[in-house]
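Written out below as structure tokens is the structure these notes cover.
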Amino acid sequence: MSKIGFVGLGIMGTPMAAHLIAGGHQLFLYDLRPPKPELTDKGGIACASAKEVAEKSEIVIVMVPDTPDVGAALFAESGIAAGLSKGKIVVDMSSISPIETKAYAAKIEALGCDYLDAPVSGGEVGAMQASLTIMVGGKPAVFETVKPLFELMGKNITLVGDIGAGQTCKVANQIIVALTIEAVGEALLFASKAGADPAKVRQALMGGFANSRILELHGDRMVKRTFDPGFRIELHQKDLNLALSAARAMGMSLPNTATAQELFNACAARGGSKWDHSAMVRALELLADHEIGQTPKA
């Protein structure tokens, strides 16, 4: 049994922490809101600060929404760094800037501790089913130390490279996800406006080369109009901002990523920042003057 700290207990963090408790580890927990009973009733220990979590833990996991949130969790007055001692490990499983990740890691390593960036893909479903894809940057020896914990939360676990490589991989993942959501939305919208049953079109496509997890899961959301998160549009906007800003810095163009971001922006303009990212299709529906499942106009 290891003493594990977990900072950030939202939609993703709570089930991830629950898997670690179920795996027999002692967990010290902190969030801006009290941990849910599903964690504390099973032995998780609520702490008063991220500093207290770090003081009591051997490995501290961070799972918060954005780059500034990680910075605050690590370096605020009562943050993780204030409670670290030499030899401890910090694992950031948030999805943030690769550039800031390297800066954060350097500060933690200056304290005599180790650092991994280990963002995840798979959303709420993957977190609940312990089937997350985990993309890791850091030293191989540190990765091997933490890998048994990753295996309690995910299935596809890859050491991509040095510090920051995990975050770079996650940005690439989010480009693919956004563009695939857009493609599935266009396809089902086209089929529906042409008079075909979008549910049956989706079923047929799942047996062919066009099949994907996004067609399976988010195509179903589009057909059934279930756009509660999930993974919020505002978080995917943040990830695509990382992609587009990095592309500008490298002098390259990501034209379809930019289009996907504009569709997310259109959803946000209609109050949809907290919709699931599959709701990108709503922006496409406005352009088509047709909603998936609607009877085509004569």
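Chain labels run A, B, ... following the order of the structure tokens; each chain numbers its residues from 1, and ligands are numbered from 1 in the order shown.
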message = Need the shell around Val136 of chain A: protein/DNA/RNA residues with any atom at most 9 Å away, counting only C-alpha atoms. Skip same-chain ones fewer than 3 positions apart. Format as a ChimeraX atom specification?
response = /A:93,116-120,143,157-167,169
#### Entry: Polymer residues at most 6 Å from Val7 of chain A, only C-alpha atoms, same-chain spacing of 2 or more positions, as a ChimeraX atom specification
/A:30-31,62
Keeping C-alpha atoms, export the residues of the selection given above as a compact mmCIF listing (two decimals), in the first residue's frame.
```txt
# COMPACT_ATOMS: atom_id res chain seq x y z
CA TYR A 30 -8.04 17.82 -1.55
CA ASP A 31 -10.36 19.88 -3.74
CA VAL A 62 -2.94 16.55 -9.78
```
- Skip segment 52-57 of chain A itself and residues of its chain fewer than 5 positions away, then list as an MDAnalysis selection string all residues within 10 Å of it, counting only C-alpha atoms. chainID A and resid 2:7 26:30 45:47 74 78:85 88:90
For the contact check between segment 110-228 of chain A and segment 264-286 of chain A, emit one row per residue of segment 110-228 of chain A within 10 Å, containing the shortest atom pair and the distance in Å rounded to one decimal, counting only C-alpha atoms, chain then rising number order, as CSV.
```
residue,atom,partner,partner_atom,distance
A:Val177,CA,A:His277,CA,9.5
A:Ala178,CA,A:His277,CA,8.1
A:Thr180,CA,A:Ser278,CA,9.9
A:Ile181,CA,A:Ser278,CA,6.2
A:Glu182,CA,A:Val281,CA,6.9
A:Ala183,CA,A:Val281,CA,9.4
A:Val184,CA,A:Val281,CA,8.5
A:Gly185,CA,A:Val281,CA,5.0
A:Glu186,CA,A:Leu284,CA,7.0
A:Leu188,CA,A:Val281,CA,9.2
A:Leu189,CA,A:Glu285,CA,7.1
A:Phe190,CA,A:Glu285,CA,9.8
A:Lys193,CA,A:Glu285,CA,9.8
A:Ile214,CA,A:Ser278,CA,8.6
A:Leu217,CA,A:Ser278,CA,9.1
A:His218,CA,A:Ser278,CA,5.6
A:Gly219,CA,A:Ser278,CA,7.9
A:Asp220,CA,A:Ser278,CA,9.5
A:Arg221,CA,A:Ser278,CA,7.0
A:Met222,CA,A:Ser278,CA,6.9
A:Arg225,CA,A:Ala279,CA,8.4
A:Thr226,CA,A:Asp276,CA,8.5
A:Phe227,CA,A:Asp276,CA,5.0
A:Asp228,CA,A:Asp276,CA,5.4
```
Write the residues of the selection above to a file with N, CA, C and O atoms, as a short mmCIF file (atom, residue, chain, number, x, y, z; two decimals), in the first residue's frame.
```
data_model
loop_
_atom_site.label_atom_id
_atom_site.label_comp_id
_atom_site.auth_asym_id
_atom_site.auth_seq_id
_atom_site.Cartn_x
_atom_site.Cartn_y
_atom_site.Cartn_z
N VAL A 177 -9.59 14.23 -31.98
CA VAL A 177 -10.94 14.10 -31.43
C VAL A 177 -11.86 15.19 -31.98
O VAL A 177 -12.98 14.92 -32.42
N ALA A 178 -11.39 16.44 -31.96
CA ALA A 178 -12.22 17.54 -32.44
C ALA A 178 -12.60 17.37 -33.90
O ALA A 178 -13.76 17.54 -34.29
N THR A 180 -12.68 14.63 -35.62
CA THR A 180 -13.54 13.47 -35.82
C THR A 180 -14.97 13.77 -35.37
O THR A 180 -15.93 13.31 -36.01
N ILE A 181 -15.13 14.51 -34.28
CA ILE A 181 -16.48 14.95 -33.88
C ILE A 181 -17.11 15.75 -35.01
O ILE A 181 -18.29 15.56 -35.35
N GLU A 182 -16.33 16.65 -35.60
CA GLU A 182 -16.85 17.45 -36.71
C GLU A 182 -17.27 16.57 -37.88
O GLU A 182 -18.34 16.77 -38.47
N ALA A 183 -16.44 15.57 -38.21
CA ALA A 183 -16.75 14.68 -39.34
C ALA A 183 -18.01 13.86 -39.06
O ALA A 183 -18.87 13.71 -39.94
N VAL A 184 -18.13 13.32 -37.86
CA VAL A 184 -19.31 12.53 -37.50
C VAL A 184 -20.55 13.42 -37.53
O VAL A 184 -21.61 13.03 -38.04
N GLY A 185 -20.41 14.65 -37.00
CA GLY A 185 -21.55 15.56 -37.03
C GLY A 185 -22.00 15.88 -38.45
O GLY A 185 -23.20 15.85 -38.76
N GLU A 186 -21.05 16.18 -39.33
CA GLU A 186 -21.40 16.47 -40.73
C GLU A 186 -22.08 15.27 -41.38
O GLU A 186 -23.07 15.41 -42.10
N LEU A 188 -23.75 12.62 -40.05
CA LEU A 188 -25.09 12.32 -39.55
C LEU A 188 -26.08 13.41 -39.92
O LEU A 188 -27.25 13.14 -40.20
N LEU A 189 -25.59 14.66 -39.94
CA LEU A 189 -26.45 15.77 -40.35
C LEU A 189 -26.82 15.65 -41.82
O LEU A 189 -27.98 15.84 -42.21
N PHE A 190 -25.84 15.33 -42.66
CA PHE A 190 -26.10 15.11 -44.08
C PHE A 190 -27.13 14.00 -44.28
O PHE A 190 -28.10 14.17 -45.04
N LYS A 193 -30.69 15.19 -43.08
CA LYS A 193 -31.35 16.17 -43.96
C LYS A 193 -31.73 15.55 -45.29
O LYS A 193 -32.69 15.98 -45.94
N ILE A 214 -15.69 7.69 -31.47
CA ILE A 214 -16.49 8.92 -31.49
C ILE A 214 -17.80 8.68 -32.22
O ILE A 214 -18.85 9.16 -31.79
N LEU A 217 -19.83 6.57 -29.53
CA LEU A 217 -20.29 7.25 -28.32
C LEU A 217 -20.93 8.61 -28.63
O LEU A 217 -22.06 8.88 -28.22
N HIS A 218 -20.20 9.45 -29.36
CA HIS A 218 -20.72 10.80 -29.60
C HIS A 218 -21.76 10.82 -30.72
O HIS A 218 -22.66 11.68 -30.71
N GLY A 219 -21.65 9.89 -31.67
CA GLY A 219 -22.72 9.77 -32.65
C GLY A 219 -24.03 9.43 -31.97
O GLY A 219 -25.10 9.95 -32.33
N ASP A 220 -23.98 8.58 -30.96
CA ASP A 220 -25.18 8.23 -30.19
C ASP A 220 -25.72 9.45 -29.45
O ASP A 220 -26.93 9.69 -29.40
N ARG A 221 -24.81 10.26 -28.89
CA ARG A 221 -25.24 11.50 -28.22
C ARG A 221 -25.95 12.43 -29.21
O ARG A 221 -26.96 13.06 -28.87
N MET A 222 -25.40 12.55 -30.40
CA MET A 222 -25.99 13.43 -31.41
C MET A 222 -27.39 12.97 -31.80
O MET A 222 -28.31 13.78 -31.94
N ARG A 225 -29.65 13.43 -28.69
CA ARG A 225 -29.67 14.80 -28.17
C ARG A 225 -29.32 14.84 -26.69
O ARG A 225 -29.93 15.55 -25.90
N THR A 226 -28.33 14.09 -26.28
CA THR A 226 -27.89 14.06 -24.88
C THR A 226 -26.53 14.75 -24.80
O THR A 226 -25.49 14.12 -25.00
N PHE A 227 -26.53 16.02 -24.47
CA PHE A 227 -25.33 16.83 -24.51
C PHE A 227 -24.84 17.29 -23.14
O PHE A 227 -24.13 18.28 -23.03
N ASP A 228 -25.24 16.59 -22.08
CA ASP A 228 -24.68 16.88 -20.77
C ASP A 228 -23.27 16.29 -20.73
O ASP A 228 -23.05 15.18 -21.21
#
```
From a DSSP pass on the backbone, collect the residues of segment 104-174 of chain A flagged as alpha helix (DSSP H) and hand them back as a compact mmCIF listing (two decimals) with N, CA, C and O atoms, in the first residue's frame.
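Writing the result to result23.txt gives the following:
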```txt
# COMPACT_ATOMS: atom_id res chain seq x y z
N TYR A 104 7.05 24.07 -14.71
CA TYR A 104 6.58 23.53 -13.43
C TYR A 104 7.48 22.39 -12.97
O TYR A 104 7.84 22.30 -11.80
N ALA A 105 7.83 21.51 -13.90
CA ALA A 105 8.67 20.36 -13.55
C ALA A 105 10.03 20.81 -13.03
O ALA A 105 10.55 20.24 -12.05
N ALA A 106 10.60 21.83 -13.65
CA ALA A 106 11.91 22.32 -13.22
C ALA A 106 11.86 22.82 -11.78
O ALA A 106 12.78 22.58 -10.98
N LYS A 107 10.78 23.50 -11.41
CA LYS A 107 10.63 24.00 -10.04
C LYS A 107 10.49 22.85 -9.03
O LYS A 107 11.05 22.91 -7.94
N ILE A 108 9.72 21.83 -9.42
CA ILE A 108 9.54 20.69 -8.51
C ILE A 108 10.84 19.90 -8.38
O ILE A 108 11.22 19.48 -7.28
N GLU A 109 11.54 19.71 -9.48
CA GLU A 109 12.80 18.97 -9.43
C GLU A 109 13.86 19.72 -8.63
O GLU A 109 14.73 19.10 -8.00
N GLY A 123 -12.31 10.50 -21.31
CA GLY A 123 -13.46 11.18 -20.74
C GLY A 123 -14.00 10.54 -19.48
O GLY A 123 -13.39 9.66 -18.87
N GLU A 124 -15.19 10.98 -19.11
CA GLU A 124 -15.83 10.50 -17.88
C GLU A 124 -16.04 8.99 -17.93
O GLU A 124 -15.84 8.29 -16.94
N VAL A 125 -16.43 8.47 -19.10
CA VAL A 125 -16.66 7.03 -19.23
C VAL A 125 -15.37 6.27 -18.97
O VAL A 125 -15.34 5.28 -18.22
N GLY A 126 -14.26 6.73 -19.58
CA GLY A 126 -12.98 6.07 -19.38
C GLY A 126 -12.51 6.15 -17.94
O GLY A 126 -11.92 5.20 -17.41
N ALA A 127 -12.77 7.29 -17.28
CA ALA A 127 -12.39 7.43 -15.88
C ALA A 127 -13.17 6.47 -15.01
O ALA A 127 -12.63 5.83 -14.11
N MET A 128 -14.46 6.33 -15.28
CA MET A 128 -15.30 5.45 -14.47
C MET A 128 -14.98 3.98 -14.70
O MET A 128 -15.01 3.17 -13.78
N GLN A 129 -14.62 3.65 -15.94
CA GLN A 129 -14.35 2.25 -16.29
C GLN A 129 -12.88 1.87 -16.13
O GLN A 129 -12.51 0.73 -16.41
N PRO A 140 12.27 7.45 -17.39
CA PRO A 140 11.79 6.07 -17.40
C PRO A 140 11.69 5.43 -16.02
O PRO A 140 10.72 4.72 -15.73
N ALA A 141 12.67 5.67 -15.15
CA ALA A 141 12.64 5.06 -13.82
C ALA A 141 11.46 5.57 -12.99
O ALA A 141 10.83 4.80 -12.25
N VAL A 142 11.16 6.86 -13.11
CA VAL A 142 10.02 7.42 -12.38
C VAL A 142 8.71 6.87 -12.95
O VAL A 142 7.78 6.53 -12.21
N PHE A 143 8.65 6.76 -14.27
CA PHE A 143 7.48 6.16 -14.91
C PHE A 143 7.23 4.75 -14.39
O PHE A 143 6.09 4.39 -14.08
N GLU A 144 8.28 3.94 -14.29
CA GLU A 144 8.10 2.57 -13.82
C GLU A 144 7.62 2.52 -12.37
O GLU A 144 6.86 1.64 -11.98
N THR A 145 8.05 3.50 -11.57
CA THR A 145 7.58 3.56 -10.18
C THR A 145 6.08 3.84 -10.11
O THR A 145 5.37 3.24 -9.29
N VAL A 146 5.60 4.72 -10.97
CA VAL A 146 4.21 5.15 -10.91
C VAL A 146 3.29 4.27 -11.76
O VAL A 146 2.07 4.24 -11.55
N LYS A 147 3.84 3.51 -12.67
CA LYS A 147 3.04 2.73 -13.61
C LYS A 147 1.98 1.86 -12.94
O LYS A 147 0.84 1.76 -13.45
N PRO A 148 2.26 1.19 -11.81
CA PRO A 148 1.19 0.39 -11.17
C PRO A 148 -0.04 1.22 -10.79
O PRO A 148 -1.16 0.70 -10.81
N LEU A 149 0.15 2.50 -10.48
CA LEU A 149 -0.99 3.36 -10.21
C LEU A 149 -1.74 3.69 -11.50
O LEU A 149 -2.97 3.67 -11.54
N PHE A 150 -0.98 3.99 -12.57
CA PHE A 150 -1.62 4.23 -13.87
C PHE A 150 -2.47 3.03 -14.28
O PHE A 150 -3.55 3.20 -14.85
N GLU A 151 -1.98 1.83 -14.01
CA GLU A 151 -2.69 0.62 -14.43
C GLU A 151 -4.01 0.43 -13.70
O GLU A 151 -4.88 -0.32 -14.17
N LEU A 152 -4.19 1.08 -12.57
CA LEU A 152 -5.46 1.04 -11.86
C LEU A 152 -6.47 2.02 -12.46
O LEU A 152 -7.68 1.90 -12.21
N MET A 153 -5.98 2.97 -13.26
CA MET A 153 -6.86 4.00 -13.82
C MET A 153 -7.04 3.88 -15.33
O MET A 153 -7.98 4.46 -15.88
N ALA A 165 6.36 15.74 -23.13
CA ALA A 165 5.95 14.91 -24.27
C ALA A 165 4.54 14.37 -24.09
O ALA A 165 3.79 14.19 -25.05
N GLY A 166 4.17 14.09 -22.84
CA GLY A 166 2.81 13.63 -22.58
C GLY A 166 1.79 14.69 -22.97
O GLY A 166 0.77 14.39 -23.61
N GLN A 167 2.06 15.95 -22.58
CA GLN A 167 1.14 17.03 -22.92
C GLN A 167 1.09 17.28 -24.43
O GLN A 167 0.03 17.56 -24.98
N THR A 168 2.24 17.17 -25.10
CA THR A 168 2.25 17.33 -26.56
C THR A 168 1.39 16.25 -27.21
O THR A 168 0.61 16.53 -28.14
N CYS A 169 1.51 15.03 -26.72
CA CYS A 169 0.70 13.93 -27.25
C CYS A 169 -0.79 14.19 -27.01
O CYS A 169 -1.62 13.93 -27.88
N LYS A 170 -1.12 14.72 -25.83
CA LYS A 170 -2.53 15.01 -25.53
C LYS A 170 -3.09 16.07 -26.47
O LYS A 170 -4.23 15.98 -26.92
N VAL A 171 -2.29 17.10 -26.77
CA VAL A 171 -2.75 18.12 -27.72
C VAL A 171 -3.04 17.48 -29.08
O VAL A 171 -4.06 17.77 -29.71
N ALA A 172 -2.15 16.59 -29.52
CA ALA A 172 -2.38 15.88 -30.78
C ALA A 172 -3.66 15.06 -30.71
O ALA A 172 -4.45 15.02 -31.67
N ASN A 173 -3.89 14.40 -29.58
CA ASN A 173 -5.11 13.63 -29.38
C ASN A 173 -6.34 14.52 -29.53
O ASN A 173 -7.32 14.15 -30.18
N GLN A 174 -6.29 15.71 -28.95
CA GLN A 174 -7.46 16.59 -28.96
C GLN A 174 -7.73 17.16 -30.34
O GLN A 174 -8.88 17.46 -30.68
```
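Counting only C-alpha atoms and comparing A:Met250, A:Ile134, A:Ile96, A:Ile61, the residue that lies closest to Tyr115 of chain A is A:Ile61.
In this model, the gap between atom CA of Glu216 of chain A and atom CA of Arg202 of chain A comes to 7.8 Å.
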Write out as an NGL selection string each polymer residue whose atoms come within 6 Å of Leu132 of chain A, counting only C-alpha atoms; drop sequence neighbours fewer than 6 positions from it. :A and (121-122 or 126 or 154-155)
Please write the residues from the selection above to a file, keeping C-alpha atoms, as a short mmCIF file (atom, residue, chain, number, x, y, z; two decimals), in the first residue's frame.
```
data_model
loop_
_atom_site.label_atom_id
_atom_site.label_comp_id
_atom_site.auth_asym_id
_atom_site.auth_seq_id
_atom_site.Cartn_x
_atom_site.Cartn_y
_atom_site.Cartn_z
CA SER A 121 -7.97 10.59 -22.83
CA GLY A 122 -11.22 8.71 -22.52
CA GLY A 126 -12.98 6.07 -19.38
CA GLY A 154 -6.19 3.16 -17.47
CA LYS A 155 -5.47 0.53 -20.11
#
```
